[in-house]
>>> print(open('my_file.tsv').read())   # TSV, N, CA and C atoms
chain	number	residue	atom	x	y	z
A	1	GLN	N	66.08	107.97	75.34
A	1	GLN	CA	66.91	107.15	74.48
A	1	GLN	C	67.03	107.78	73.09
A	2	VAL	N	68.24	107.79	72.60
A	2	VAL	CA	68.52	108.29	71.25
A	2	VAL	C	69.20	107.18	70.47
A	3	GLN	N	68.73	106.96	69.27
A	3	GLN	CA	69.33	105.95	68.41
A	3	GLN	C	69.91	106.61	67.16
A	4	VAL	N	71.09	106.15	66.80
A	4	VAL	CA	71.76	106.63	65.59
A	4	VAL	C	72.01	105.41	64.71
A	5	VAL	N	71.49	105.45	63.50
A	5	VAL	CA	71.58	104.28	62.62
A	5	VAL	C	72.17	104.69	61.28
A	6	GLU	N	73.25	104.00	60.89
A	6	GLU	CA	73.88	104.26	59.60
A	6	GLU	C	73.45	103.21	58.59
A	7	SER	N	73.52	103.57	57.33
A	7	SER	CA	73.26	102.62	56.25
A	7	SER	C	73.99	103.08	55.01
A	8	GLY	N	74.15	102.17	54.07
A	8	GLY	CA	74.71	102.54	52.77
A	8	GLY	C	76.14	102.10	52.50
A	9	GLY	N	76.77	101.45	53.44
A	9	GLY	CA	78.13	100.99	53.18
A	9	GLY	C	78.15	99.84	52.19
A	10	GLY	N	79.36	99.42	51.81
A	10	GLY	CA	79.48	98.31	50.89
A	10	GLY	C	80.83	98.25	50.24
A	11	LEU	N	80.90	97.45	49.19
A	11	LEU	CA	82.13	97.26	48.44
A	11	LEU	C	82.02	97.98	47.10
A	12	VAL	N	83.05	98.73	46.77
A	12	VAL	CA	83.04	99.48	45.51
A	12	VAL	C	84.45	99.53	44.96
A	13	GLN	N	84.56	99.63	43.66
A	13	GLN	CA	85.88	99.74	43.04
A	13	GLN	C	86.39	101.17	43.15
A	14	ALA	N	87.69	101.31	43.10
A	14	ALA	CA	88.29	102.63	43.13
A	14	ALA	C	87.72	103.49	42.01
A	15	GLY	N	87.43	104.73	42.36
A	15	GLY	CA	86.81	105.65	41.41
A	15	GLY	C	85.30	105.66	41.49
A	16	GLY	N	84.74	104.72	42.21
A	16	GLY	CA	83.30	104.63	42.32
A	16	GLY	C	82.73	105.54	43.40
A	17	SER	N	81.43	105.39	43.62
A	17	SER	CA	80.72	106.25	44.57
A	17	SER	C	79.86	105.42	45.52
A	18	LEU	N	79.67	105.96	46.70
A	18	LEU	CA	78.74	105.40	47.68
A	18	LEU	C	78.07	106.56	48.40
A	19	ARG	N	76.89	106.30	48.90
A	19	ARG	CA	76.17	107.30	49.68
A	19	ARG	C	75.82	106.68	51.02
A	20	LEU	N	76.30	107.29	52.08
A	20	LEU	CA	75.98	106.84	53.43
A	20	LEU	C	74.86	107.69	54.00
A	21	SER	N	73.99	107.05	54.72
A	21	SER	CA	72.88	107.76	55.36
A	21	SER	C	72.91	107.54	56.86
A	22	CYS	N	72.50	108.55	57.58
A	22	CYS	CA	72.44	108.47	59.04
A	22	CYS	C	71.12	109.04	59.51
A	23	ALA	N	70.43	108.28	60.33
A	23	ALA	CA	69.14	108.74	60.86
A	23	ALA	C	69.18	108.70	62.38
A	24	VAL	N	68.70	109.75	63.00
A	24	VAL	CA	68.64	109.85	64.45
A	24	VAL	C	67.19	109.82	64.88
A	25	SER	N	66.90	109.00	65.89
A	25	SER	CA	65.53	108.89	66.37
A	25	SER	C	65.54	108.78	67.88
A	26	GLY	N	64.34	108.90	68.46
A	26	GLY	CA	64.22	108.78	69.90
A	26	GLY	C	63.87	110.11	70.54
A	27	ASN	N	64.39	110.28	71.73
A	27	ASN	CA	64.08	111.48	72.52
A	27	ASN	C	64.98	112.64	72.07
A	28	ILE	N	64.62	113.21	70.94
A	28	ILE	CA	65.45	114.25	70.33
A	28	ILE	C	64.87	115.61	70.66
A	29	PHE	N	65.71	116.49	71.20
A	29	PHE	CA	65.23	117.83	71.46
A	29	PHE	C	65.93	118.85	70.59
A	30	ASP	N	67.18	118.62	70.30
A	30	ASP	CA	67.90	119.57	69.46
A	30	ASP	C	69.24	118.95	69.08
A	31	ILE	N	69.42	118.71	67.80
A	31	ILE	CA	70.69	118.19	67.32
A	31	ILE	C	71.55	119.37	66.89
A	32	ASN	N	72.67	119.56	67.58
A	32	ASN	CA	73.54	120.69	67.28
A	32	ASN	C	74.45	120.41	66.10
A	33	TYR	N	74.84	119.14	66.02
A	33	TYR	CA	75.91	118.80	65.08
A	33	TYR	C	75.79	117.33	64.73
A	34	MET	N	76.07	117.00	63.48
A	34	MET	CA	76.18	115.60	63.08
A	34	MET	C	77.48	115.42	62.31
A	35	GLY	N	78.11	114.31	62.54
A	35	GLY	CA	79.39	114.09	61.89
A	35	GLY	C	79.56	112.66	61.42
A	36	TRP	N	80.40	112.52	60.44
A	36	TRP	CA	80.81	111.20	59.95
A	36	TRP	C	82.29	111.02	60.29
A	37	TYR	N	82.61	109.90	60.91
A	37	TYR	CA	83.97	109.56	61.29
A	37	TYR	C	84.29	108.21	60.67
A	38	ARG	N	85.56	107.88	60.64
A	38	ARG	CA	85.94	106.57	60.14
A	38	ARG	C	87.15	106.05	60.90
A	39	ARG	N	87.22	104.73	60.94
A	39	ARG	CA	88.37	104.07	61.54
A	39	ARG	C	88.86	103.00	60.59
A	40	ALA	N	90.04	103.23	60.07
A	40	ALA	CA	90.66	102.26	59.18
A	40	ALA	C	91.45	101.25	60.02
A	41	PRO	N	91.69	100.07	59.50
A	41	PRO	CA	92.44	99.05	60.25
A	41	PRO	C	93.79	99.58	60.72
A	42	GLY	N	94.05	99.47	62.00
A	42	GLY	CA	95.33	99.89	62.54
A	42	GLY	C	95.48	101.38	62.75
A	43	LYS	N	94.41	102.12	62.53
A	43	LYS	CA	94.49	103.57	62.67
A	43	LYS	C	93.46	104.07	63.67
A	44	GLN	N	93.67	105.29	64.11
A	44	GLN	CA	92.71	105.89	65.03
A	44	GLN	C	91.50	106.43	64.26
A	45	ARG	N	90.42	106.58	65.00
A	45	ARG	CA	89.24	107.16	64.38
A	45	ARG	C	89.51	108.61	64.01
A	46	GLU	N	89.04	109.03	62.86
A	46	GLU	CA	89.22	110.40	62.42
A	46	GLU	C	87.91	110.98	61.91
A	47	LEU	N	87.80	112.29	62.05
A	47	LEU	CA	86.65	113.00	61.51
A	47	LEU	C	86.76	113.03	59.99
A	48	VAL	N	85.70	112.68	59.31
A	48	VAL	CA	85.65	112.77	57.85
A	48	VAL	C	84.94	114.06	57.44
A	49	ALA	N	83.75	114.26	57.98
A	49	ALA	CA	82.97	115.45	57.63
A	49	ALA	C	81.96	115.70	58.74
A	50	GLY	N	81.62	116.97	58.92
A	50	GLY	CA	80.64	117.32	59.92
A	50	GLY	C	79.77	118.46	59.44
A	51	ILE	N	78.59	118.57	60.03
A	51	ILE	CA	77.68	119.64	59.65
A	51	ILE	C	76.97	120.14	60.90
A	52	ARG	N	76.98	121.44	61.05
A	52	ARG	CA	76.28	122.05	62.17
A	52	ARG	C	74.83	122.32	61.79
A	53	ARG	N	74.02	122.59	62.80
A	53	ARG	CA	72.59	122.78	62.58
A	53	ARG	C	72.34	123.89	61.57
A	54	GLY	N	73.15	124.93	61.60
A	54	GLY	CA	72.97	126.05	60.68
A	54	GLY	C	73.46	125.79	59.28
A	55	GLY	N	74.12	124.63	59.08
A	55	GLY	CA	74.56	124.27	57.74
A	55	GLY	C	76.05	124.36	57.50
A	56	THR	N	76.79	124.90	58.45
A	56	THR	CA	78.24	124.98	58.29
A	56	THR	C	78.84	123.57	58.24
A	57	THR	N	79.73	123.37	57.28
A	57	THR	CA	80.33	122.05	57.12
A	57	THR	C	81.83	122.10	57.32
A	58	ILE	N	82.39	120.95	57.63
A	58	ILE	CA	83.83	120.80	57.79
A	58	ILE	C	84.22	119.45	57.21
A	59	TYR	N	85.41	119.42	56.60
A	59	TYR	CA	85.91	118.19	55.99
A	59	TYR	C	87.38	117.99	56.33
A	60	VAL	N	87.77	116.75	56.44
A	60	VAL	CA	89.20	116.45	56.55
A	60	VAL	C	89.81	116.69	55.17
A	61	ASP	N	91.04	117.13	55.12
A	61	ASP	CA	91.66	117.51	53.86
A	61	ASP	C	91.62	116.40	52.81
A	62	SER	N	91.78	115.17	53.25
A	62	SER	CA	91.90	114.06	52.31
A	62	SER	C	90.63	113.77	51.52
A	63	VAL	N	89.49	114.33	51.96
A	63	VAL	CA	88.23	114.06	51.24
A	63	VAL	C	87.65	115.29	50.59
A	64	LYS	N	88.27	116.42	50.79
A	64	LYS	CA	87.75	117.67	50.20
A	64	LYS	C	87.68	117.54	48.68
A	65	GLY	N	86.55	117.95	48.13
A	65	GLY	CA	86.35	117.85	46.70
A	65	GLY	C	85.81	116.52	46.25
A	66	ARG	N	85.81	115.53	47.14
A	66	ARG	CA	85.30	114.20	46.77
A	66	ARG	C	84.04	113.83	47.56
A	67	PHE	N	84.00	114.22	48.82
A	67	PHE	CA	82.88	113.89	49.70
A	67	PHE	C	82.04	115.13	49.97
A	68	THR	N	80.74	114.92	50.12
A	68	THR	CA	79.84	116.01	50.46
A	68	THR	C	78.88	115.55	51.55
A	69	ILE	N	78.82	116.31	52.64
A	69	ILE	CA	77.88	116.01	53.70
A	69	ILE	C	76.68	116.93	53.58
A	70	SER	N	75.51	116.38	53.83
A	70	SER	CA	74.28	117.18	53.80
A	70	SER	C	73.41	116.76	54.97
A	71	GLY	N	72.62	117.70	55.45
A	71	GLY	CA	71.78	117.42	56.59
A	71	GLY	C	70.35	117.87	56.37
A	72	ASP	N	69.44	117.24	57.04
A	72	ASP	CA	68.03	117.61	57.00
A	72	ASP	C	67.57	117.74	58.45
A	73	ASN	N	67.43	118.98	58.92
A	73	ASN	CA	67.06	119.19	60.32
A	73	ASN	C	65.68	118.64	60.64
A	74	ALA	N	64.76	118.72	59.69
A	74	ALA	CA	63.40	118.26	59.94
A	74	ALA	C	63.34	116.73	60.07
A	75	ARG	N	64.19	116.05	59.33
A	75	ARG	CA	64.18	114.59	59.34
A	75	ARG	C	65.23	114.01	60.27
A	76	ASN	N	66.09	114.88	60.83
A	76	ASN	CA	67.17	114.42	61.71
A	76	ASN	C	68.06	113.40	61.00
A	77	THR	N	68.47	113.76	59.81
A	77	THR	CA	69.32	112.88	59.04
A	77	THR	C	70.55	113.63	58.53
A	78	ALA	N	71.57	112.88	58.23
A	78	ALA	CA	72.78	113.44	57.62
A	78	ALA	C	73.33	112.40	56.66
A	79	ASN	N	73.57	112.81	55.44
A	79	ASN	CA	74.08	111.90	54.43
A	79	ASN	C	75.49	112.30	54.03
A	80	LEU	N	76.22	111.31	53.58
A	80	LEU	CA	77.58	111.55	53.11
A	80	LEU	C	77.71	110.95	51.72
A	81	GLN	N	77.80	111.82	50.74
A	81	GLN	CA	78.01	111.39	49.36
A	81	GLN	C	79.51	111.27	49.12
A	82	MET	N	79.96	110.09	48.75
A	82	MET	CA	81.39	109.84	48.56
A	82	MET	C	81.65	109.49	47.11
A	83	ASN	N	82.38	110.34	46.44
A	83	ASN	CA	82.73	110.13	45.04
A	83	ASN	C	84.24	109.94	44.90
A	84	SER	N	84.63	109.42	43.75
A	84	SER	CA	86.06	109.20	43.46
A	84	SER	C	86.74	108.46	44.60
A	85	LEU	N	86.13	107.41	45.04
A	85	LEU	CA	86.64	106.68	46.19
A	85	LEU	C	88.00	106.05	45.90
A	86	LYS	N	88.83	106.00	46.94
A	86	LYS	CA	90.17	105.46	46.85
A	86	LYS	C	90.31	104.29	47.82
A	87	PRO	N	91.23	103.38	47.57
A	87	PRO	CA	91.43	102.27	48.52
A	87	PRO	C	91.70	102.77	49.94
A	88	GLU	N	92.36	103.90	50.08
A	88	GLU	CA	92.65	104.42	51.42
A	88	GLU	C	91.41	104.96	52.14
A	89	ASP	N	90.27	105.00	51.45
A	89	ASP	CA	89.02	105.37	52.11
A	89	ASP	C	88.38	104.17	52.81
A	90	THR	N	88.95	103.00	52.62
A	90	THR	CA	88.42	101.80	53.26
A	90	THR	C	88.47	101.94	54.78
A	91	ALA	N	87.32	101.74	55.41
A	91	ALA	CA	87.22	101.93	56.86
A	91	ALA	C	85.80	101.59	57.30
A	92	VAL	N	85.63	101.54	58.60
A	92	VAL	CA	84.28	101.52	59.16
A	92	VAL	C	83.90	102.98	59.39
A	93	TYR	N	82.77	103.35	58.88
A	93	TYR	CA	82.31	104.73	58.98
A	93	TYR	C	81.22	104.81	60.05
A	94	TYR	N	81.38	105.78	60.93
A	94	TYR	CA	80.46	105.98	62.03
A	94	TYR	C	79.80	107.35	61.94
A	95	CYS	N	78.54	107.38	62.28
A	95	CYS	CA	77.81	108.64	62.36
A	95	CYS	C	77.67	109.02	63.83
A	96	SER	N	77.80	110.30	64.10
A	96	SER	CA	77.58	110.78	65.46
A	96	SER	C	76.61	111.94	65.42
A	97	ALA	N	75.87	112.09	66.51
A	97	ALA	CA	74.94	113.20	66.67
A	97	ALA	C	75.17	113.81	68.04
A	98	THR	N	75.30	115.13	68.07
A	98	THR	CA	75.50	115.85	69.32
A	98	THR	C	74.22	116.55	69.71
A	99	LEU	N	73.70	116.19	70.88
A	99	LEU	CA	72.50	116.80	71.41
A	99	LEU	C	72.88	117.44	72.74
A	100	GLY	N	72.87	118.76	72.80
A	100	GLY	CA	73.35	119.43	74.00
A	100	GLY	C	74.81	119.11	74.21
A	101	SER	N	75.13	118.51	75.34
A	101	SER	CA	76.51	118.13	75.63
A	101	SER	C	76.75	116.64	75.43
A	102	ALA	N	75.74	115.92	74.99
A	102	ALA	CA	75.85	114.48	74.82
A	102	ALA	C	76.11	114.12	73.36
A	103	ILE	N	76.98	113.13	73.17
A	103	ILE	CA	77.29	112.64	71.83
A	103	ILE	C	76.83	111.19	71.71
A	104	TYR	N	76.10	110.92	70.66
A	104	TYR	CA	75.58	109.58	70.41
A	104	TYR	C	76.22	109.02	69.13
A	105	TRP	N	76.48	107.73	69.16
A	105	TRP	CA	77.17	107.08	68.05
A	105	TRP	C	76.34	105.94	67.49
A	106	GLY	N	76.49	105.77	66.18
A	106	GLY	CA	75.91	104.60	65.55
A	106	GLY	C	76.85	103.42	65.64
A	107	GLN	N	76.41	102.28	65.12
A	107	GLN	CA	77.20	101.06	65.19
A	107	GLN	C	78.27	100.99	64.11
A	108	GLY	N	78.15	101.80	63.10
A	108	GLY	CA	79.14	101.82	62.04
A	108	GLY	C	78.71	101.02	60.82
A	109	THR	N	79.25	101.40	59.68
A	109	THR	CA	78.98	100.69	58.43
A	109	THR	C	80.30	100.57	57.67
A	110	GLN	N	80.55	99.38	57.15
A	110	GLN	CA	81.82	99.11	56.49
A	110	GLN	C	81.82	99.64	55.06
A	111	VAL	N	82.88	100.35	54.72
A	111	VAL	CA	83.11	100.79	53.34
A	111	VAL	C	84.44	100.17	52.89
A	112	THR	N	84.40	99.43	51.81
A	112	THR	CA	85.59	98.80	51.28
A	112	THR	C	85.78	99.23	49.83
A	113	VAL	N	86.94	99.78	49.53
A	113	VAL	CA	87.24	100.24	48.18
A	113	VAL	C	88.36	99.37	47.63
A	114	SER	N	88.07	98.67	46.56
A	114	SER	CA	89.06	97.78	45.97
A	114	SER	C	89.83	98.50	44.86
A	115	SER	N	91.09	98.12	44.72
A	115	SER	CA	91.93	98.78	43.71
A	115	SER	C	91.84	98.08	42.37
>>> encode(input="my_file.tsv", output="structure tokens")
Amino acid sequence: QVQVVESGGGLVQAGGSLRLSCAVSGNIFDINYMGWYRRAPGKQRELVAGIRRGGTTIYVDSVKGRFTISGDNARNTANLQMNSLKPEDTAVYYCSATLGSAIYWGQGTQVTVSS
């Protein structure tokens, strides 16, 4: 069993910051990749940021320069620092962890940015 748990969502005004945290626990043998995704109302889920075990990161264009993903291989965690938040960043944010060929998802955490 592998558990993925997100925390850190909430309500913030435009221009503000939030930090999301993701922790993976359970029968972990090797996490290849961790990612943050989001689903806004009426839209499909999209990748926000991802980080590979070696540290390589990827971001969707709309968050480049504002969001930063970081990972800790020893602690099996991945954080997402979100700065200069915009109302269009409002969504449920999900963390995923890839172990081998299996992908595990958290329950999601709501981020709401007010204008």
>>> select_by_dssp(input="my_file.tsv", residues="chain A", states="strand (DSSP E or B)", output="ChimeraX atom specification")
/A:2-7,10-13,18-26,31-39,46-52,57-59,67-72,77-82,91-99,102-105,109-114
>>> atom_distance(input="my_file.tsv", atom1="atom N of Cys22 (chain A)", atom2="atom N of Thr112 (chain A)")
16.1 Å
>>> closest_residue(input="my_file.tsv", among="A:Val63, A:Cys95, A:Ala102, A:Ile58", to="Gln1 (chain A)", atoms="only C-alpha atoms")
A:Ala102
>>> closest_residue(input="my_file.tsv", among="A:Thr57, A:Ser96, A:Asn76, A:Ser7", to="Tyr37 (chain A)", atoms="only N, CA and C atoms")
A:Ser96
>>> closest_residue(input="my_file.tsv", among="A:Ile31, A:Ser25, A:Val92, A:Gly50", to="Asn79 (chain A)", atoms="only C-alpha atoms")
A:Gly50
>>> residues_around(input="my_file.tsv", residues="Arg19 (chain A)", least_positions_apart="2", cutoff="6 Å", atoms="only C-alpha atoms", output="VMD selection string")
chain A and resid 8 80 to 82
>>> residues_around(input="my_file.tsv", residues="Ala74 (chain A)", least_positions_apart="3", cutoff="12 Å", atoms="only C-alpha atoms", output="MDAnalysis selection string")
chainID A and resid 23:25 28:31 53 71 77:78
>>> atom_distance(input="my_file.tsv", atom1="atom N of Asp89 (chain A)", atom2="CA of Asp72 (chain A)")
26.2 Å
>>> axis_aligned_box(input="my_file.tsv", around="region 63-73 of chain A", padding_each_side="8 Å", output="AutoDock Vina command-line options")
--center_x 77.6 --center_y 116.5 --center_z 53.4 --size_x 39.8 --size_y 21.4 --size_z 30.4
>>> residues_around(input="my_file.tsv", residues="Val48 (chain A)", least_positions_apart="5", cutoff="10 Å", atoms="only C-alpha atoms", output="VMD selection string")
chain A and resid 35 to 39 58 to 64 67 to 69 80 89 93 to 95
>>> atom_distance(input="my_file.tsv", atom1="CA of Gly10 (chain A)", atom2="atom C of Ala40 (chain A)")
15.3 Å
>>> residues_around(input="my_file.tsv", residues="Gly15 (chain A)", least_positions_apart="5", cutoff="8 Å", atoms="only C-alpha atoms", output="ChimeraX atom specification")
/A:83-86
>>> residues_around(input="my_file.tsv", residues="Val12 (chain A)", least_positions_apart="6", cutoff="8 Å", atoms="only C-alpha atoms", output="JSON, numbers by chain")
{"A": [18, 111, 112, 113, 114]}
>>> closest_residue(input="my_file.tsv", among="A:Pro87, A:Gly26, A:Gly65, A:Gly42", to="Val4 (chain A)", atoms="only N, CA and C atoms")
A:Gly26
>>> closest_residue(input="my_file.tsv", among="A:Ala14, A:Met34, A:Ala49, A:Val5", to="Gly106 (chain A)", atoms="only C-alpha atoms")
A:Val5
>>> build_atoms(input="my_file.tsv", residues="region 63-74 of chain A", atoms="all heavy atoms", output="CSV table (one decimal), in the frame of the given file")
chain,number,residue,atom,x,y,z
A,63,VAL,N,89.5,114.3,52.0
A,63,VAL,CA,88.2,114.1,51.2
A,63,VAL,C,87.6,115.3,50.6
A,63,VAL,O,86.6,115.2,49.9
A,63,VAL,CB,87.2,113.4,52.2
A,63,VAL,CG1,87.7,112.2,52.9
A,63,VAL,CG2,86.6,114.4,53.2
A,64,LYS,N,88.3,116.4,50.8
A,64,LYS,CA,87.8,117.7,50.2
A,64,LYS,C,87.7,117.5,48.7
A,64,LYS,O,88.6,117.1,48.0
A,64,LYS,CB,88.6,118.8,50.6
A,64,LYS,CG,88.5,119.3,52.1
A,64,LYS,CD,89.4,120.4,52.4
A,64,LYS,CE,89.2,120.9,53.8
A,64,LYS,NZ,90.1,122.0,54.2
A,65,GLY,N,86.6,118.0,48.1
A,65,GLY,CA,86.4,117.8,46.7
A,65,GLY,C,85.8,116.5,46.2
A,65,GLY,O,85.4,116.4,45.1
A,66,ARG,N,85.8,115.5,47.1
A,66,ARG,CA,85.3,114.2,46.8
A,66,ARG,C,84.0,113.8,47.6
A,66,ARG,O,83.2,113.2,47.0
A,66,ARG,CB,86.4,113.1,47.0
A,66,ARG,CG,87.6,113.4,46.2
A,66,ARG,CD,88.6,112.2,46.3
A,66,ARG,NE,89.0,111.9,47.7
A,66,ARG,CZ,88.9,110.8,48.4
A,66,ARG,NH1,88.2,109.8,47.8
A,66,ARG,NH2,89.3,110.7,49.6
A,67,PHE,N,84.0,114.2,48.8
A,67,PHE,CA,82.9,113.9,49.7
A,67,PHE,C,82.0,115.1,50.0
A,67,PHE,O,82.6,116.2,50.1
A,67,PHE,CB,83.4,113.4,51.0
A,67,PHE,CG,84.0,112.0,51.0
A,67,PHE,CD1,84.4,111.4,49.8
A,67,PHE,CD2,84.3,111.3,52.2
A,67,PHE,CE1,85.0,110.2,49.8
A,67,PHE,CE2,84.9,110.1,52.2
A,67,PHE,CZ,85.3,109.5,50.9
A,68,THR,N,80.7,114.9,50.1
A,68,THR,CA,79.8,116.0,50.5
A,68,THR,C,78.9,115.6,51.6
A,68,THR,O,78.2,114.5,51.4
A,68,THR,CB,79.0,116.5,49.2
A,68,THR,OG1,79.9,116.9,48.2
A,68,THR,CG2,78.1,117.6,49.6
A,69,ILE,N,78.8,116.3,52.6
A,69,ILE,CA,77.9,116.0,53.7
A,69,ILE,C,76.7,116.9,53.6
A,69,ILE,O,76.8,118.1,53.2
A,69,ILE,CB,78.5,116.2,55.1
A,69,ILE,CG1,77.6,115.7,56.2
A,69,ILE,CG2,79.0,117.6,55.4
A,69,ILE,CD1,78.3,115.5,57.6
A,70,SER,N,75.5,116.4,53.8
A,70,SER,CA,74.3,117.2,53.8
A,70,SER,C,73.4,116.8,55.0
A,70,SER,O,73.5,115.6,55.4
A,70,SER,CB,73.5,117.0,52.5
A,70,SER,OG,73.2,115.6,52.3
A,71,GLY,N,72.6,117.7,55.4
A,71,GLY,CA,71.8,117.4,56.6
A,71,GLY,C,70.4,117.9,56.4
A,71,GLY,O,70.1,118.8,55.6
A,72,ASP,N,69.4,117.2,57.0
A,72,ASP,CA,68.0,117.6,57.0
A,72,ASP,C,67.6,117.7,58.4
A,72,ASP,O,67.4,116.7,59.1
A,72,ASP,CB,67.2,116.5,56.2
A,72,ASP,CG,65.8,117.0,56.0
A,72,ASP,OD1,65.2,117.7,56.9
A,72,ASP,OD2,65.2,116.6,55.0
A,73,ASN,N,67.4,119.0,58.9
A,73,ASN,CA,67.1,119.2,60.3
A,73,ASN,C,65.7,118.6,60.6
A,73,ASN,O,65.4,118.1,61.7
A,73,ASN,CB,67.1,120.7,60.6
A,73,ASN,CG,68.5,121.3,60.6
A,73,ASN,OD1,69.5,120.5,60.8
A,73,ASN,ND2,68.6,122.5,60.3
A,74,ALA,N,64.8,118.7,59.7
A,74,ALA,CA,63.4,118.3,59.9
A,74,ALA,C,63.3,116.7,60.1
A,74,ALA,O,62.6,116.2,60.9
A,74,ALA,CB,62.5,118.7,58.8
